[in-house]
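Participant: PDB, C-alpha atoms, file start28.pdb:
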ATOM      1  CA  MET A   1     106.073  23.475 -29.170
ATOM      2  CA  ALA A   2     107.911  25.352 -26.435
ATOM      3  CA  LEU A   3     110.319  23.329 -24.325
ATOM      4  CA  ASP A   4     110.762  23.952 -20.631
ATOM      5  CA  TYR A   5     114.481  24.517 -20.092
ATOM      6  CA  SER A   6     116.070  24.911 -16.662
ATOM      7  CA  ALA A   7     117.892  28.116 -15.740
ATOM      8  CA  LYS A   8     121.199  26.180 -15.922
ATOM      9  CA  VAL A   9     120.477  24.981 -19.473
ATOM     10  CA  MET A  10     119.692  28.553 -20.514
ATOM     11  CA  ASP A  11     122.843  29.858 -18.786
ATOM     12  CA  HIS A  12     125.120  27.311 -20.515
ATOM     13  CA  PHE A  13     123.364  27.961 -23.835
ATOM     14  CA  MET A  14     123.573  31.764 -23.604
ATOM     15  CA  ASN A  15     127.060  31.803 -21.972
ATOM     16  CA  PRO A  16     128.759  28.566 -23.038
ATOM     17  CA  ARG A  17     132.047  27.710 -21.356
ATOM     18  CA  ASN A  18     135.127  26.304 -23.140
ATOM     19  CA  VAL A  19     134.060  27.121 -26.707
ATOM     20  CA  GLY A  20     136.740  26.789 -29.369
ATOM     21  CA  GLU A  21     139.454  24.495 -30.636
ATOM     22  CA  ILE A  22     142.808  23.410 -29.215
ATOM     23  CA  ALA A  23     145.656  23.429 -31.730
ATOM     24  CA  ASN A  24     147.645  20.193 -31.578
ATOM     25  CA  ALA A  25     145.093  18.667 -29.202
ATOM     26  CA  ASP A  26     146.079  15.456 -27.442
ATOM     27  CA  GLY A  27     142.665  13.993 -28.223
ATOM     28  CA  VAL A  28     139.843  14.974 -30.556
ATOM     29  CA  GLY A  29     136.432  13.350 -30.676
ATOM     30  CA  GLU A  30     133.261  13.935 -32.600
ATOM     31  CA  ALA A  31     129.737  12.648 -32.174
ATOM     32  CA  GLY A  32     126.667  13.394 -34.190
ATOM     33  CA  ASN A  33     123.046  12.449 -34.460
ATOM     34  CA  PRO A  34     121.741  12.308 -38.031
ATOM     35  CA  LYS A  35     118.125  12.407 -36.815
ATOM     36  CA  CYS A  36     118.395  15.829 -35.168
ATOM     37  CA  GLY A  37     121.456  17.211 -36.953
ATOM     38  CA  ASP A  38     123.457  17.960 -33.788
ATOM     39  CA  ILE A  39     127.239  17.560 -34.100
ATOM     40  CA  MET A  40     129.741  17.953 -31.234
ATOM     41  CA  LYS A  41     133.517  18.070 -31.436
ATOM     42  CA  ILE A  42     135.627  17.896 -28.262
ATOM     43  CA  TYR A  43     139.334  18.815 -27.991
ATOM     44  CA  LEU A  44     141.512  17.696 -25.062
ATOM     45  CA  LYS A  45     144.878  18.852 -23.705
ATOM     46  CA  VAL A  46     146.200  16.222 -21.273
ATOM     47  CA  ASN A  47     149.232  16.429 -18.986
ATOM     48  CA  ASP A  48     151.411  13.456 -19.988
ATOM     49  CA  ASP A  49     152.756  12.912 -16.458
ATOM     50  CA  THR A  50     149.588  13.228 -14.392
ATOM     51  CA  LYS A  51     147.026  12.225 -17.085
ATOM     52  CA  ILE A  52     144.946  15.215 -15.951
ATOM     53  CA  ILE A  53     142.882  17.086 -18.521
ATOM     54  CA  GLU A  54     144.373  20.577 -18.348
ATOM     55  CA  ASP A  55     142.180  22.084 -21.033
ATOM     56  CA  VAL A  56     139.104  21.093 -22.971
ATOM     57  CA  LYS A  57     137.251  22.947 -25.718
ATOM     58  CA  PHE A  58     134.212  22.188 -27.815
ATOM     59  CA  LYS A  59     132.528  23.201 -31.033
ATOM     60  CA  THR A  60     128.883  22.230 -31.331
ATOM     61  CA  PHE A  61     126.427  22.714 -34.127
ATOM     62  CA  GLY A  62     123.018  22.154 -32.650
ATOM     63  CA  CYS A  63     120.150  23.197 -30.460
ATOM     64  CA  ALA A  64     120.196  24.862 -27.032
ATOM     65  CA  SER A  65     120.335  21.479 -25.261
ATOM     66  CA  ALA A  66     123.305  20.334 -27.381
ATOM     67  CA  ILE A  67     125.285  23.495 -26.677
ATOM     68  CA  ALA A  68     124.411  23.455 -22.963
ATOM     69  CA  SER A  69     125.327  19.739 -22.701
ATOM     70  CA  SER A  70     128.708  20.366 -24.382
ATOM     71  CA  SER A  71     129.428  23.336 -22.130
ATOM     72  CA  MET A  72     128.485  21.509 -18.919
ATOM     73  CA  ALA A  73     130.311  18.297 -19.887
ATOM     74  CA  THR A  74     133.552  20.167 -20.598
ATOM     75  CA  GLU A  75     133.272  21.967 -17.247
ATOM     76  CA  MET A  76     132.790  18.604 -15.535
ATOM     77  CA  ILE A  77     135.911  16.927 -16.991
ATOM     78  CA  LYS A  78     138.380  19.830 -16.810
ATOM     79  CA  GLY A  79     140.919  19.075 -14.078
ATOM     80  CA  LYS A  80     139.952  15.394 -13.947
ATOM     81  CA  THR A  81     142.122  12.441 -14.890
ATOM     82  CA  VAL A  82     141.552  10.614 -18.157
ATOM     83  CA  GLN A  83     139.877   7.772 -16.214
ATOM     84  CA  GLU A  84     137.664  10.128 -14.184
ATOM     85  CA  ALA A  85     136.573  11.842 -17.406
ATOM     86  CA  TRP A  86     135.740   8.457 -18.954
ATOM     87  CA  ASP A  87     133.361   7.786 -16.055
ATOM     88  CA  LEU A  88     131.261  10.885 -16.819
ATOM     89  CA  THR A  89     127.784   9.762 -17.864
ATOM     90  CA  ASN A  90     125.140  11.494 -19.916
ATOM     91  CA  SER A  91     122.761  11.302 -16.955
ATOM     92  CA  ALA A  92     125.321  13.153 -14.781
ATOM     93  CA  VAL A  93     125.513  15.898 -17.427
ATOM     94  CA  ALA A  94     121.714  16.165 -17.599
ATOM     95  CA  GLU A  95     121.481  16.192 -13.795
ATOM     96  CA  ALA A  96     124.111  18.955 -13.553
ATOM     97  CA  LEU A  97     121.946  21.001 -15.935
ATOM     98  CA  ASP A  98     118.960  20.473 -13.610
ATOM     99  CA  GLY A  99     117.430  18.168 -16.193
ATOM    100  CA  LEU A 100     116.725  18.190 -19.909
ATOM    101  CA  PRO A 101     113.360  17.738 -21.610
ATOM    102  CA  PRO A 102     112.948  14.002 -22.426
ATOM    103  CA  ILE A 103     112.998  14.755 -26.157
ATOM    104  CA  LYS A 104     116.437  16.401 -25.663
ATOM    105  CA  MET A 105     118.175  13.737 -23.524
ATOM    106  CA  HIS A 106     120.052  12.548 -26.622
ATOM    107  CA  CYS A 107     122.067  15.786 -26.447
ATOM    108  CA  SER A 108     123.680  14.670 -23.178
ATOM    109  CA  VAL A 109     124.374  11.279 -24.807
ATOM    110  CA  LEU A 110     126.212  13.040 -27.638
ATOM    111  CA  ALA A 111     128.368  14.893 -25.103
ATOM    112  CA  GLU A 112     129.317  11.610 -23.418
ATOM    113  CA  GLU A 113     130.074   9.953 -26.775
ATOM    114  CA  ALA A 114     132.176  12.890 -28.034
ATOM    115  CA  ILE A 115     134.215  12.845 -24.808
ATOM    116  CA  HIS A 116     134.705   9.072 -25.057
ATOM    117  CA  THR A 117     135.821   9.405 -28.684
ATOM    118  CA  ALA A 118     138.299  12.168 -27.742
ATOM    119  CA  LEU A 119     139.631  10.096 -24.828
ATOM    120  CA  ASN A 120     140.069   7.071 -27.115
ATOM    121  CA  ASP A 121     141.896   9.282 -29.628
ATOM    122  CA  TYR A 122     144.233  10.333 -26.793
ATOM    123  CA  ARG A 123     144.658   6.699 -25.699
ATOM    124  CA  ALA A 124     145.476   5.542 -29.245
ATOM    125  CA  LYS A 125     148.050   8.331 -29.732
ATOM    126  CA  HIS A 126     149.779   7.331 -26.464
ATOM    127  CA  GLY A 127     149.866   3.558 -26.999
ATOM    128  CA  MET A 128     147.127   2.843 -24.486
ATOM    129  CA  ASP A 129     144.247   0.428 -24.946
ATOM    130  CA  VAL A 130     141.237   1.935 -26.680
ATOM    131  CA  ILE A 131     137.996   1.231 -24.824
ATOM    132  CA  PRO A 132     135.023   0.022 -26.884
ATOM    133  CA  LEU A 133     132.262   2.608 -27.086
ATOM    134  CA  GLU A 134     128.752   1.813 -25.953
ATOM    135  CA  HIS A 135     126.220   3.375 -28.259
ATOM    136  CA  HIS A 136     123.044   4.652 -26.668
ATOM    137  CA  GLU A 137     119.740   4.710 -28.436
ATOM    138  CA  ASP A 138     117.561   7.806 -28.194
TER     139      ASP A 138
END
Show me the file's structure as structure tokens.

Facilitator:
Amino acid sequence: MALDYSAKVMDHFMNPRNVGEIANADGVGEAGNPKCGDIMKIYLKVNDDTKIIEDVKFKTFGCASAIASSSMATEMIKGKTVQEAWDLTNSAVAEALDGLPPIKMHCSVLAEEAIHTALNDYRAKHGMDVIPLEHHED
């Protein structure tokens, strides 16, 4: 079955932004979906004074939608504050990609969850309150 991907999904899949790891990252988060096998890991570098995300990298094992969602999500939170990044939703990621096939929407959910996990890792390391995660169902 061929899926109809937008030009933006194909661009972020073929030319992903922010791929890699950050040594001594301020926050690291991982999310995975056992049903589809996609796994995302997000690394954050946060300015301690301004709480702005200065750098963000990802490593994703998964399909085109998973890689594109990771790439777009990292682009969307770079330069934002920790709180602004927390407010990023999976639907905003999907919308920025000009949509995802319904069967692939869970990929944008994984991006949101990996970012939330990384932000909570940062919060925990800096003595801030960790925010409970909301788990989405596919």

Participant: Could you work out how far CA of Lys45 (chain A) lies from CA of Val93 (chain A), giving the answer in Å with one decimal?

Facilitator: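 One can read the CA of Val93 (chain A) to CA of Lys45 (chain A) distance as 20.6 Å.
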
Participant: So what does the PyMOL selection byres ((chain A and resi 59-68) around 6) actually pick up in this one, as a list in words?

Facilitator: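 Taken on the displayed file, the PyMOL selection byres ((chain A and resi 59-68) around 6) yields the residues Val9, His12, Phe13, Gly20, Asp38, Ile39, Met40, Lys41, Phe58, Ser69, Ser70, Ser71 and Cys107 of chain A.
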
Participant: List the residues selected by the PyMOL selection byres ((chain A and resi 129-135) around 12) in the file shown, writing them as a PyMOL selection string.

Facilitator: chain A and resi 31-33+83+86-87+89-90+106+109-110+112-128+136-138

Participant: How far is it from CA of Met105 (chain A) to CA of Glu84 (chain A), in Å with one decimal?

Facilitator: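 Pair CA of Met105 (chain A) / CA of Glu84 (chain A) returns 21.9 Å.
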
Participant: Please measure the separation of CA of Ile22 (chain A) and CA of Gly79 (chain A), giving the value in Å to one decimal.

Facilitator: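 Going from CA of Ile22 (chain A) over to CA of Gly79 (chain A), I get 15.9 Å.
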
Participant: Which residue, A:Val28, A:Val56, A:Val82, A:Ala73, has the smallest gap to Ala94 (chain A) when you use all atoms listed in the file?

Facilitator: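 Looking only at the distances to Ala94 (chain A), the closest residue turns out to be A:Ala73.
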
Participant: Could you pull the residues within 7 Å of Lys80 (chain A), counting only C-alpha atoms, minus those fewer than 5 positions along the same chain, as a PyMOL selection string?

Facilitator: chain A and resi 52-53+85

Participant: What box, with edges along x, y and z, holds each listed atom of region 73-82 of chain A when 5 Å is added on every side, and can you state its centre and edge lengths in Å to one decimal, as JSON?

Facilitator:
{"center_x": 136.2, "center_y": 16.3, "center_z": -17.3, "size_x": 21.8, "size_y": 21.4, "size_z": 16.7}

Participant: Which is closest to Lys57 (chain A) among A:Lys78, A:Lys104, A:Lys35, A:Lys8, if we use all atoms listed in the file?

Facilitator: A:Lys78
